[in-house]
Every structure is written in structure tokens, then in C-alpha cells.
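Structure below is query_23.cif: mmCIF, N, CA, C and O atoms.
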```cif
data_protein
loop_
_atom_site.label_atom_id
_atom_site.label_comp_id
_atom_site.auth_asym_id
_atom_site.auth_seq_id
_atom_site.Cartn_x
_atom_site.Cartn_y
_atom_site.Cartn_z
N MET A 4 -15.63 -0.84 4.21
CA MET A 4 -14.45 -0.26 3.60
C MET A 4 -13.26 -0.52 4.53
O MET A 4 -13.08 0.16 5.53
N HIS A 5 -12.44 -1.52 4.21
CA HIS A 5 -11.31 -1.83 5.06
C HIS A 5 -10.17 -0.83 4.89
O HIS A 5 -9.24 -0.81 5.69
N GLU A 6 -10.23 0.02 3.88
CA GLU A 6 -9.20 1.03 3.69
C GLU A 6 -9.17 2.02 4.84
O GLU A 6 -8.11 2.56 5.18
N LEU A 7 -10.32 2.27 5.48
CA LEU A 7 -10.34 3.16 6.65
C LEU A 7 -9.48 2.55 7.76
O LEU A 7 -8.63 3.22 8.34
N ALA A 8 -9.67 1.28 8.05
CA ALA A 8 -8.88 0.60 9.08
C ALA A 8 -7.40 0.55 8.71
O ALA A 8 -6.53 0.72 9.57
N ILE A 9 -7.12 0.34 7.45
CA ILE A 9 -5.73 0.30 6.98
C ILE A 9 -5.08 1.68 7.16
O ILE A 9 -3.95 1.79 7.65
N THR A 10 -5.80 2.73 6.79
CA THR A 10 -5.27 4.08 6.93
C THR A 10 -5.06 4.42 8.40
O THR A 10 -4.07 5.06 8.76
N GLU A 11 -5.97 3.99 9.25
CA GLU A 11 -5.81 4.19 10.70
C GLU A 11 -4.57 3.45 11.20
O GLU A 11 -3.85 3.95 12.07
N SER A 12 -4.29 2.28 10.66
CA SER A 12 -3.10 1.51 11.05
C SER A 12 -1.82 2.21 10.61
O SER A 12 -0.82 2.20 11.33
N VAL A 13 -1.84 2.81 9.43
CA VAL A 13 -0.69 3.59 8.96
C VAL A 13 -0.45 4.75 9.91
O VAL A 13 0.68 5.00 10.36
N LEU A 14 -1.51 5.47 10.25
CA LEU A 14 -1.42 6.59 11.19
C LEU A 14 -0.84 6.12 12.53
O LEU A 14 0.07 6.74 13.08
N ALA A 15 -1.34 5.00 13.04
CA ALA A 15 -0.87 4.48 14.33
C ALA A 15 0.61 4.12 14.27
O ALA A 15 1.37 4.41 15.20
N ALA A 16 1.04 3.49 13.18
CA ALA A 16 2.45 3.10 13.04
C ALA A 16 3.36 4.32 13.02
O ALA A 16 4.42 4.33 13.66
N VAL A 17 2.95 5.36 12.30
CA VAL A 17 3.77 6.57 12.20
C VAL A 17 3.80 7.31 13.52
O VAL A 17 4.86 7.71 14.00
N THR A 18 2.64 7.52 14.14
CA THR A 18 2.60 8.28 15.39
C THR A 18 3.25 7.53 16.55
O THR A 18 3.78 8.15 17.47
N GLU A 19 3.25 6.20 16.49
CA GLU A 19 3.92 5.41 17.52
C GLU A 19 5.43 5.64 17.49
O GLU A 19 6.08 5.74 18.52
N ARG A 20 5.97 5.73 16.29
CA ARG A 20 7.41 5.90 16.14
C ARG A 20 7.85 7.36 16.20
O ARG A 20 8.99 7.64 16.56
N LEU A 21 6.96 8.27 15.83
CA LEU A 21 7.28 9.71 15.81
C LEU A 21 6.16 10.50 16.50
O LEU A 21 5.45 11.27 15.86
N PRO A 22 6.01 10.33 17.81
CA PRO A 22 4.85 10.92 18.49
C PRO A 22 4.90 12.43 18.66
O PRO A 22 3.86 13.07 18.75
N ASP A 23 6.08 13.01 18.71
CA ASP A 23 6.19 14.43 19.07
C ASP A 23 6.74 15.32 17.97
O ASP A 23 7.30 16.37 18.26
N VAL A 24 6.62 14.90 16.73
CA VAL A 24 7.10 15.72 15.62
C VAL A 24 5.98 15.93 14.61
O VAL A 24 5.04 15.14 14.54
N THR A 25 6.08 17.00 13.85
CA THR A 25 5.11 17.28 12.81
C THR A 25 5.51 16.54 11.55
O THR A 25 6.63 16.70 11.05
N ILE A 26 4.60 15.74 11.04
CA ILE A 26 4.83 14.96 9.81
C ILE A 26 4.30 15.77 8.63
O ILE A 26 3.17 16.27 8.68
N THR A 27 5.11 15.91 7.58
CA THR A 27 4.69 16.68 6.41
C THR A 27 4.36 15.82 5.20
O THR A 27 3.68 16.27 4.29
N ASN A 28 4.87 14.58 5.19
CA ASN A 28 4.65 13.72 4.02
C ASN A 28 4.77 12.26 4.42
O ASN A 28 5.64 11.91 5.21
N VAL A 29 3.88 11.44 3.86
CA VAL A 29 3.94 10.00 4.04
C VAL A 29 3.91 9.37 2.65
O VAL A 29 3.07 9.74 1.83
N ARG A 30 4.84 8.44 2.40
CA ARG A 30 4.87 7.72 1.13
C ARG A 30 4.54 6.26 1.39
O ARG A 30 5.17 5.61 2.22
N LEU A 31 3.55 5.76 0.66
CA LEU A 31 3.12 4.37 0.76
C LEU A 31 3.38 3.65 -0.54
O LEU A 31 3.31 4.25 -1.61
N GLU A 32 3.62 2.36 -0.43
CA GLU A 32 3.69 1.48 -1.60
C GLU A 32 2.51 0.52 -1.48
O GLU A 32 2.37 -0.16 -0.47
N ILE A 33 1.66 0.51 -2.50
CA ILE A 33 0.49 -0.36 -2.49
C ILE A 33 0.58 -1.28 -3.71
O ILE A 33 0.58 -0.81 -4.85
N GLY A 34 0.66 -2.57 -3.46
CA GLY A 34 0.76 -3.55 -4.53
C GLY A 34 -0.58 -3.80 -5.21
O GLY A 34 -1.64 -3.73 -4.57
N ALA A 35 -0.52 -4.11 -6.48
CA ALA A 35 -1.72 -4.34 -7.28
C ALA A 35 -2.56 -5.50 -6.75
O ALA A 35 -3.78 -5.52 -6.92
N MET A 36 -1.93 -6.46 -6.08
CA MET A 36 -2.66 -7.62 -5.56
C MET A 36 -2.88 -7.54 -4.05
O MET A 36 -3.23 -8.53 -3.41
N SER A 37 -2.67 -6.36 -3.47
CA SER A 37 -2.84 -6.21 -2.02
C SER A 37 -4.31 -6.16 -1.61
O SER A 37 -4.63 -6.37 -0.45
N GLY A 38 -5.18 -5.86 -2.55
CA GLY A 38 -6.60 -5.72 -2.23
C GLY A 38 -6.95 -4.37 -1.66
O GLY A 38 -8.08 -4.14 -1.23
N VAL A 39 -5.99 -3.45 -1.66
CA VAL A 39 -6.19 -2.11 -1.11
C VAL A 39 -6.41 -1.14 -2.27
O VAL A 39 -5.63 -1.09 -3.22
N VAL A 40 -7.47 -0.33 -2.17
CA VAL A 40 -7.80 0.65 -3.20
C VAL A 40 -7.14 1.97 -2.84
O VAL A 40 -7.48 2.60 -1.83
N ALA A 41 -6.16 2.37 -3.66
CA ALA A 41 -5.38 3.57 -3.37
C ALA A 41 -6.24 4.82 -3.23
O ALA A 41 -6.02 5.64 -2.33
N ASP A 42 -7.23 4.99 -4.09
CA ASP A 42 -8.10 6.18 -4.00
C ASP A 42 -8.87 6.22 -2.69
O ASP A 42 -9.10 7.30 -2.13
N SER A 43 -9.25 5.08 -2.17
CA SER A 43 -9.95 5.03 -0.88
C SER A 43 -9.01 5.41 0.26
O SER A 43 -9.42 6.09 1.20
N VAL A 44 -7.76 4.98 0.18
CA VAL A 44 -6.77 5.36 1.20
C VAL A 44 -6.56 6.87 1.16
O VAL A 44 -6.52 7.52 2.20
N ARG A 45 -6.46 7.42 -0.04
CA ARG A 45 -6.31 8.88 -0.17
C ARG A 45 -7.49 9.62 0.47
O ARG A 45 -7.32 10.61 1.16
N PHE A 46 -8.69 9.12 0.22
CA PHE A 46 -9.90 9.73 0.78
C PHE A 46 -9.88 9.68 2.31
O PHE A 46 -10.22 10.65 2.98
N CYS A 47 -9.48 8.54 2.86
CA CYS A 47 -9.48 8.34 4.31
C CYS A 47 -8.36 9.08 5.03
O CYS A 47 -8.48 9.41 6.21
N PHE A 48 -7.28 9.36 4.33
CA PHE A 48 -6.09 9.93 4.96
C PHE A 48 -6.38 11.25 5.68
O PHE A 48 -6.01 11.42 6.84
N ASP A 49 -7.04 12.17 5.01
CA ASP A 49 -7.34 13.47 5.64
C ASP A 49 -8.27 13.30 6.83
O ASP A 49 -8.16 14.03 7.82
N LEU A 50 -9.19 12.35 6.75
CA LEU A 50 -10.12 12.12 7.85
C LEU A 50 -9.40 11.60 9.10
O LEU A 50 -9.64 12.11 10.20
N VAL A 51 -8.54 10.61 8.94
CA VAL A 51 -7.91 9.99 10.10
C VAL A 51 -6.77 10.82 10.67
O VAL A 51 -6.43 10.65 11.84
N THR A 52 -6.19 11.71 9.88
CA THR A 52 -5.07 12.51 10.39
C THR A 52 -5.52 13.79 11.08
O THR A 52 -4.71 14.44 11.73
N GLU A 53 -6.80 14.14 10.96
CA GLU A 53 -7.31 15.35 11.59
C GLU A 53 -7.06 15.31 13.09
O GLU A 53 -7.39 14.34 13.78
N GLY A 54 -6.45 16.39 13.60
CA GLY A 54 -6.18 16.49 15.03
C GLY A 54 -4.95 15.73 15.50
O GLY A 54 -4.72 15.60 16.70
N THR A 55 -4.15 15.22 14.56
CA THR A 55 -2.93 14.48 14.91
C THR A 55 -1.71 15.23 14.41
O THR A 55 -1.84 16.26 13.74
N ASN A 56 -0.53 14.70 14.70
CA ASN A 56 0.69 15.34 14.19
C ASN A 56 0.89 15.10 12.69
O ASN A 56 1.86 15.57 12.11
N LEU A 57 -0.05 14.41 12.05
CA LEU A 57 -0.02 14.24 10.59
C LEU A 57 -1.03 15.14 9.88
O LEU A 57 -1.11 15.11 8.65
N GLU A 58 -1.79 15.92 10.63
CA GLU A 58 -2.79 16.78 10.00
C GLU A 58 -2.11 17.72 9.01
O GLU A 58 -1.12 18.37 9.34
N GLY A 59 -2.63 17.76 7.80
CA GLY A 59 -2.06 18.62 6.76
C GLY A 59 -0.94 17.97 5.97
O GLY A 59 -0.45 18.55 5.00
N ALA A 60 -0.51 16.79 6.37
CA ALA A 60 0.57 16.10 5.65
C ALA A 60 0.07 15.64 4.29
O ALA A 60 -1.11 15.34 4.11
N SER A 61 0.99 15.59 3.34
CA SER A 61 0.63 15.06 2.03
C SER A 61 0.84 13.55 2.03
O SER A 61 1.63 13.01 2.81
N LEU A 62 0.11 12.88 1.16
CA LEU A 62 0.21 11.43 1.02
C LEU A 62 0.59 11.12 -0.41
O LEU A 62 -0.07 11.55 -1.35
N GLU A 63 1.67 10.38 -0.57
CA GLU A 63 2.10 9.91 -1.89
C GLU A 63 1.94 8.39 -1.91
O GLU A 63 2.35 7.72 -0.97
N ILE A 64 1.36 7.90 -2.98
CA ILE A 64 1.17 6.45 -3.11
C ILE A 64 1.84 5.97 -4.39
O ILE A 64 1.56 6.46 -5.48
N LEU A 65 2.73 5.02 -4.23
CA LEU A 65 3.38 4.35 -5.35
C LEU A 65 2.65 3.03 -5.55
O LEU A 65 2.60 2.20 -4.65
N GLN A 66 2.03 2.86 -6.71
CA GLN A 66 1.30 1.63 -6.99
C GLN A 66 2.22 0.67 -7.74
O GLN A 66 2.74 0.99 -8.80
N VAL A 67 2.42 -0.50 -7.14
CA VAL A 67 3.37 -1.49 -7.66
C VAL A 67 2.61 -2.58 -8.41
O VAL A 67 1.69 -3.18 -7.86
N PRO A 68 3.00 -2.83 -9.66
CA PRO A 68 2.34 -3.91 -10.40
C PRO A 68 2.72 -5.27 -9.82
O PRO A 68 3.77 -5.42 -9.19
N ALA A 69 1.88 -6.24 -10.01
CA ALA A 69 2.13 -7.59 -9.52
C ALA A 69 3.02 -8.35 -10.50
O ALA A 69 2.96 -8.14 -11.71
N ARG A 70 3.85 -9.24 -9.94
CA ARG A 70 4.66 -10.17 -10.74
C ARG A 70 4.51 -11.53 -10.11
O ARG A 70 4.45 -11.66 -8.89
N ALA A 71 4.45 -12.55 -10.95
CA ALA A 71 4.31 -13.92 -10.47
C ALA A 71 5.17 -14.85 -11.33
O ALA A 71 5.54 -14.51 -12.45
N ARG A 72 5.48 -16.02 -10.76
CA ARG A 72 6.22 -17.04 -11.48
C ARG A 72 5.42 -18.34 -11.43
O ARG A 72 4.93 -18.75 -10.38
N CYS A 73 5.31 -18.98 -12.58
CA CYS A 73 4.57 -20.24 -12.70
C CYS A 73 5.47 -21.41 -12.30
O CYS A 73 6.60 -21.52 -12.79
N HIS A 74 4.95 -22.26 -11.40
CA HIS A 74 5.70 -23.45 -11.01
C HIS A 74 5.67 -24.52 -12.10
O HIS A 74 6.59 -25.34 -12.19
N ALA A 75 4.67 -24.48 -12.94
CA ALA A 75 4.53 -25.49 -14.00
C ALA A 75 5.47 -25.24 -15.17
O ALA A 75 6.17 -26.14 -15.62
N CYS A 76 5.48 -24.00 -15.69
CA CYS A 76 6.28 -23.72 -16.89
C CYS A 76 7.47 -22.79 -16.64
O CYS A 76 8.30 -22.62 -17.53
N GLY A 77 7.52 -22.16 -15.45
CA GLY A 77 8.65 -21.28 -15.12
C GLY A 77 8.53 -19.86 -15.62
O GLY A 77 9.42 -19.05 -15.39
N ALA A 78 7.45 -19.54 -16.31
CA ALA A 78 7.29 -18.19 -16.86
C ALA A 78 7.04 -17.17 -15.75
O ALA A 78 6.39 -17.47 -14.75
N GLU A 79 7.57 -15.96 -15.93
CA GLU A 79 7.23 -14.83 -15.07
C GLU A 79 6.25 -13.97 -15.83
O GLU A 79 6.40 -13.75 -17.04
N PHE A 80 5.24 -13.47 -15.12
CA PHE A 80 4.18 -12.71 -15.78
C PHE A 80 3.52 -11.77 -14.79
O PHE A 80 3.72 -11.86 -13.59
N GLU A 81 2.73 -10.84 -15.34
CA GLU A 81 1.94 -9.93 -14.53
C GLU A 81 0.53 -10.50 -14.42
O GLU A 81 -0.22 -10.50 -15.39
N PRO A 82 0.17 -11.02 -13.24
CA PRO A 82 -1.13 -11.67 -13.10
C PRO A 82 -2.28 -10.66 -13.08
O PRO A 82 -2.11 -9.50 -12.73
N GLU A 83 -3.43 -11.16 -13.46
CA GLU A 83 -4.66 -10.38 -13.37
C GLU A 83 -5.20 -10.51 -11.95
O GLU A 83 -5.10 -11.56 -11.34
N TRP A 84 -5.77 -9.48 -11.45
CA TRP A 84 -6.40 -9.50 -10.13
C TRP A 84 -7.80 -10.02 -10.28
O TRP A 84 -8.44 -9.68 -11.28
N PRO A 85 -8.38 -10.80 -9.46
CA PRO A 85 -7.86 -11.28 -8.18
C PRO A 85 -7.23 -12.67 -8.23
O PRO A 85 -6.70 -13.13 -7.24
N VAL A 86 -7.28 -13.34 -9.37
CA VAL A 86 -6.74 -14.69 -9.45
C VAL A 86 -5.47 -14.68 -10.30
O VAL A 86 -5.46 -14.18 -11.42
N ALA A 87 -4.41 -15.26 -9.74
CA ALA A 87 -3.14 -15.31 -10.46
C ALA A 87 -3.05 -16.61 -11.25
O ALA A 87 -2.71 -17.66 -10.71
N LEU A 88 -3.41 -16.54 -12.53
CA LEU A 88 -3.29 -17.70 -13.41
C LEU A 88 -2.21 -17.41 -14.46
O LEU A 88 -2.18 -16.34 -15.05
N CYS A 89 -1.36 -18.40 -14.67
CA CYS A 89 -0.33 -18.27 -15.69
C CYS A 89 -0.98 -18.30 -17.07
O CYS A 89 -2.00 -18.97 -17.27
N PRO A 90 -0.39 -17.63 -18.05
CA PRO A 90 -0.90 -17.73 -19.42
C PRO A 90 -0.95 -19.17 -19.94
O PRO A 90 -1.75 -19.49 -20.82
N CYS A 91 -0.14 -20.08 -19.34
CA CYS A 91 -0.19 -21.49 -19.76
C CYS A 91 -1.43 -22.20 -19.19
O CYS A 91 -1.71 -23.33 -19.55
N GLY A 92 -2.15 -21.52 -18.28
CA GLY A 92 -3.36 -22.09 -17.69
C GLY A 92 -3.19 -22.63 -16.29
O GLY A 92 -4.17 -22.97 -15.62
N SER A 93 -1.96 -22.72 -15.81
CA SER A 93 -1.71 -23.27 -14.48
C SER A 93 -2.05 -22.26 -13.38
O SER A 93 -1.82 -21.06 -13.52
N ALA A 94 -2.58 -22.78 -12.29
CA ALA A 94 -2.84 -21.96 -11.10
C ALA A 94 -1.74 -22.14 -10.07
O ALA A 94 -1.80 -21.54 -8.99
N GLU A 95 -0.73 -22.91 -10.38
CA GLU A 95 0.39 -23.13 -9.47
C GLU A 95 1.43 -22.03 -9.66
O GLU A 95 2.43 -22.21 -10.36
N VAL A 96 1.16 -20.89 -9.04
CA VAL A 96 2.03 -19.73 -9.21
C VAL A 96 2.45 -19.19 -7.85
O VAL A 96 1.77 -19.37 -6.85
N ALA A 97 3.59 -18.51 -7.86
CA ALA A 97 4.08 -17.81 -6.67
C ALA A 97 4.07 -16.32 -6.99
O ALA A 97 4.62 -15.89 -8.01
N VAL A 98 3.43 -15.55 -6.15
CA VAL A 98 3.43 -14.11 -6.32
C VAL A 98 4.78 -13.58 -5.85
O VAL A 98 5.17 -13.80 -4.70
N LEU A 99 5.49 -12.89 -6.72
CA LEU A 99 6.83 -12.38 -6.42
C LEU A 99 6.78 -10.96 -5.86
O LEU A 99 7.60 -10.59 -5.02
N SER A 100 5.86 -10.16 -6.35
CA SER A 100 5.74 -8.77 -5.88
C SER A 100 4.33 -8.27 -6.17
O SER A 100 3.59 -8.85 -6.95
N GLY A 101 3.99 -7.18 -5.49
CA GLY A 101 2.69 -6.55 -5.73
C GLY A 101 1.59 -6.97 -4.78
O GLY A 101 0.43 -6.66 -5.01
N ALA A 102 1.95 -7.68 -3.71
CA ALA A 102 0.93 -8.11 -2.74
C ALA A 102 1.04 -7.33 -1.42
O ALA A 102 0.26 -7.57 -0.52
N ASP A 103 1.99 -6.41 -1.34
CA ASP A 103 2.27 -5.72 -0.08
C ASP A 103 1.69 -4.32 -0.01
O ASP A 103 1.39 -3.69 -1.03
N LEU A 104 1.57 -3.85 1.21
CA LEU A 104 1.33 -2.45 1.50
C LEU A 104 2.40 -2.06 2.50
O LEU A 104 2.51 -2.68 3.55
N ARG A 105 3.23 -1.08 2.14
CA ARG A 105 4.35 -0.68 3.00
C ARG A 105 4.43 0.82 3.13
O ARG A 105 4.13 1.54 2.18
N ILE A 106 4.88 1.26 4.30
CA ILE A 106 5.23 2.66 4.49
C ILE A 106 6.67 2.78 3.99
O ILE A 106 7.58 2.16 4.55
N ILE A 107 6.86 3.57 2.94
CA ILE A 107 8.19 3.71 2.34
C ILE A 107 9.01 4.77 3.07
O ILE A 107 10.17 4.56 3.36
N SER A 108 8.39 5.92 3.35
CA SER A 108 9.12 6.98 4.04
C SER A 108 8.14 7.93 4.70
O SER A 108 6.95 8.00 4.34
N VAL A 109 8.68 8.66 5.65
CA VAL A 109 7.93 9.70 6.37
C VAL A 109 8.84 10.91 6.45
O VAL A 109 10.00 10.79 6.82
N GLN A 110 8.30 12.07 6.09
CA GLN A 110 9.08 13.30 6.14
C GLN A 110 8.58 14.15 7.31
O GLN A 110 7.37 14.31 7.50
N VAL A 111 9.52 14.67 8.08
CA VAL A 111 9.18 15.50 9.24
C VAL A 111 9.53 16.96 8.96
O VAL A 111 10.38 17.26 8.13
N ALA A 112 8.85 17.84 9.71
CA ALA A 112 9.09 19.29 9.54
C ALA A 112 10.36 19.68 10.24
O ALA A 112 10.80 19.11 11.18
#
```

In C-alpha cells, what does this structure look like?
Amino acid sequence: MHELAITESVLAAVTERLPDVTITNVRLEIGAMSGVVADSVRFCFDLVTEGTNLEGASLEILQVPARARCHACGAEFEPEWPVALCPCGSAEVAVLSGADLRIISVQVA
């Protein structure tokens, strides 16, 4: 389960920047093509924050749909996971959004 390591990385990033304050809320953006399972991150969050300045903080996750553009026909579309194929059948696509995992905001007490 790589979501545990990802959640630990989120914790590390937040505590590195805000080591001496109580965190009450963390907002994440998880793209549909990021390969990260939002429910698994939610499950891991309480485990990894125990005993830290994030213990008891709420976690909000914004799930972002994927968008891609076909190099062959120019169409923009929402690709299916895990392979981004254009409806025209071409695999020559550029993912425009939905492949990222980002910390959007952190709220302090």
C-alpha cells in the first residue's frame, strides 16, 4: 500500500514547514490518474498523525478528474484509468490535468 508512504510524505512536508503549531485541517488534491486511492489516504491519515502536531486534524480531499488532449485529432477528453486512449483510438495523448497529488492548504489553530 503506497498510500501509507504518501500520507507519511504529506505529514513530513507539513511538519517540516510548520513544526511548532497545531494543525487543524489539511486539504489535498488527488488527481484521477495519480494512482493514489483517496480512501486509503483517509485511512492512513489518522495513523500517521498520531502523536504529531497534526493529531486530530481533519483531512479534506478534492478528487480532480483527468483531462487529456489527443495529438492525432486534437480532441480534449476525460481518459479512462489507467490507459489514456483518445476516443479516436490514438494513444498519442498528453495528460492535461488529474495526474497530480498536491497539498492545497493547511489550517492552523

Could you check the closest approach to Phe48 (chain A) for each of A:Leu62, A:Ala112, A:Val98, A:Ala35 and tell me which residue wins, using all atoms listed in the file? A:Leu62

Could you expand the PyMOL selection byres ((chain A and resi 4-19) around 8) into the explicit residues it covers here, written as a ChimeraX atom specification? /A:20-24,38-40,43-48,51-52,56-57,106,109

Which residues match the PyMOL selection byres ((chain A and resi 80) around 6) in the file above, as a list in words? Ala69, Arg70, Ala71, Arg72, Ala78, Glu79, Glu81 and Pro82 of chain A

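Distance-wise, CA of Cys76 (chain A) and CA of Leu99 (chain A) end up 15.4 Å apart.
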
Take CA of Leu104 (chain A) and CA of Leu88 (chain A) and report the distance between them in Å, one decimal. 21.8 Å

List as a PyMOL selection string: which residues have an atom within 5 Å of (1.4, -2.1, 1.3), counting all atoms listed in the file? chain A and resi 32-34+103-105

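Going from CA of Pro85 (chain A) over to CA of Val29 (chain A), you cover 27.2 Å.
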
Region 72-100 of chain A written out with C-alpha atoms as a compact mmCIF listing (two decimals), in the first residue's frame:
```
# COMPACT_ATOMS: atom_id res chain seq x y z
CA ARG A 72 -5.62 16.14 -25.39
CA CYS A 73 -5.06 13.92 -28.42
CA HIS A 74 -2.05 14.76 -30.58
CA ALA A 75 -3.62 12.97 -33.55
CA CYS A 76 -7.07 14.61 -33.72
CA GLY A 77 -6.80 17.49 -31.21
CA ALA A 78 -9.78 16.39 -29.12
CA GLU A 79 -9.86 17.02 -25.37
CA PHE A 80 -11.42 14.24 -23.33
CA GLU A 81 -11.61 12.59 -19.93
CA PRO A 82 -9.41 9.49 -20.19
CA GLU A 83 -10.16 6.18 -18.57
CA TRP A 84 -7.71 4.97 -15.96
CA PRO A 85 -5.09 3.51 -16.29
CA VAL A 86 -4.57 3.98 -20.04
CA ALA A 87 -5.26 7.31 -21.70
CA LEU A 88 -6.67 6.47 -25.14
CA CYS A 89 -8.47 9.03 -27.25
CA PRO A 90 -11.97 8.11 -28.46
CA CYS A 91 -10.45 8.23 -31.98
CA GLY A 92 -8.25 5.27 -30.94
CA SER A 93 -4.92 7.11 -30.73
CA ALA A 94 -2.58 6.57 -27.79
CA GLU A 95 -0.70 9.77 -28.60
CA VAL A 96 -2.19 11.90 -25.86
CA ALA A 97 -0.98 14.49 -23.37
CA VAL A 98 -2.47 14.42 -19.89
CA LEU A 99 -3.50 17.99 -19.07
CA SER A 100 -4.77 17.50 -15.52
```
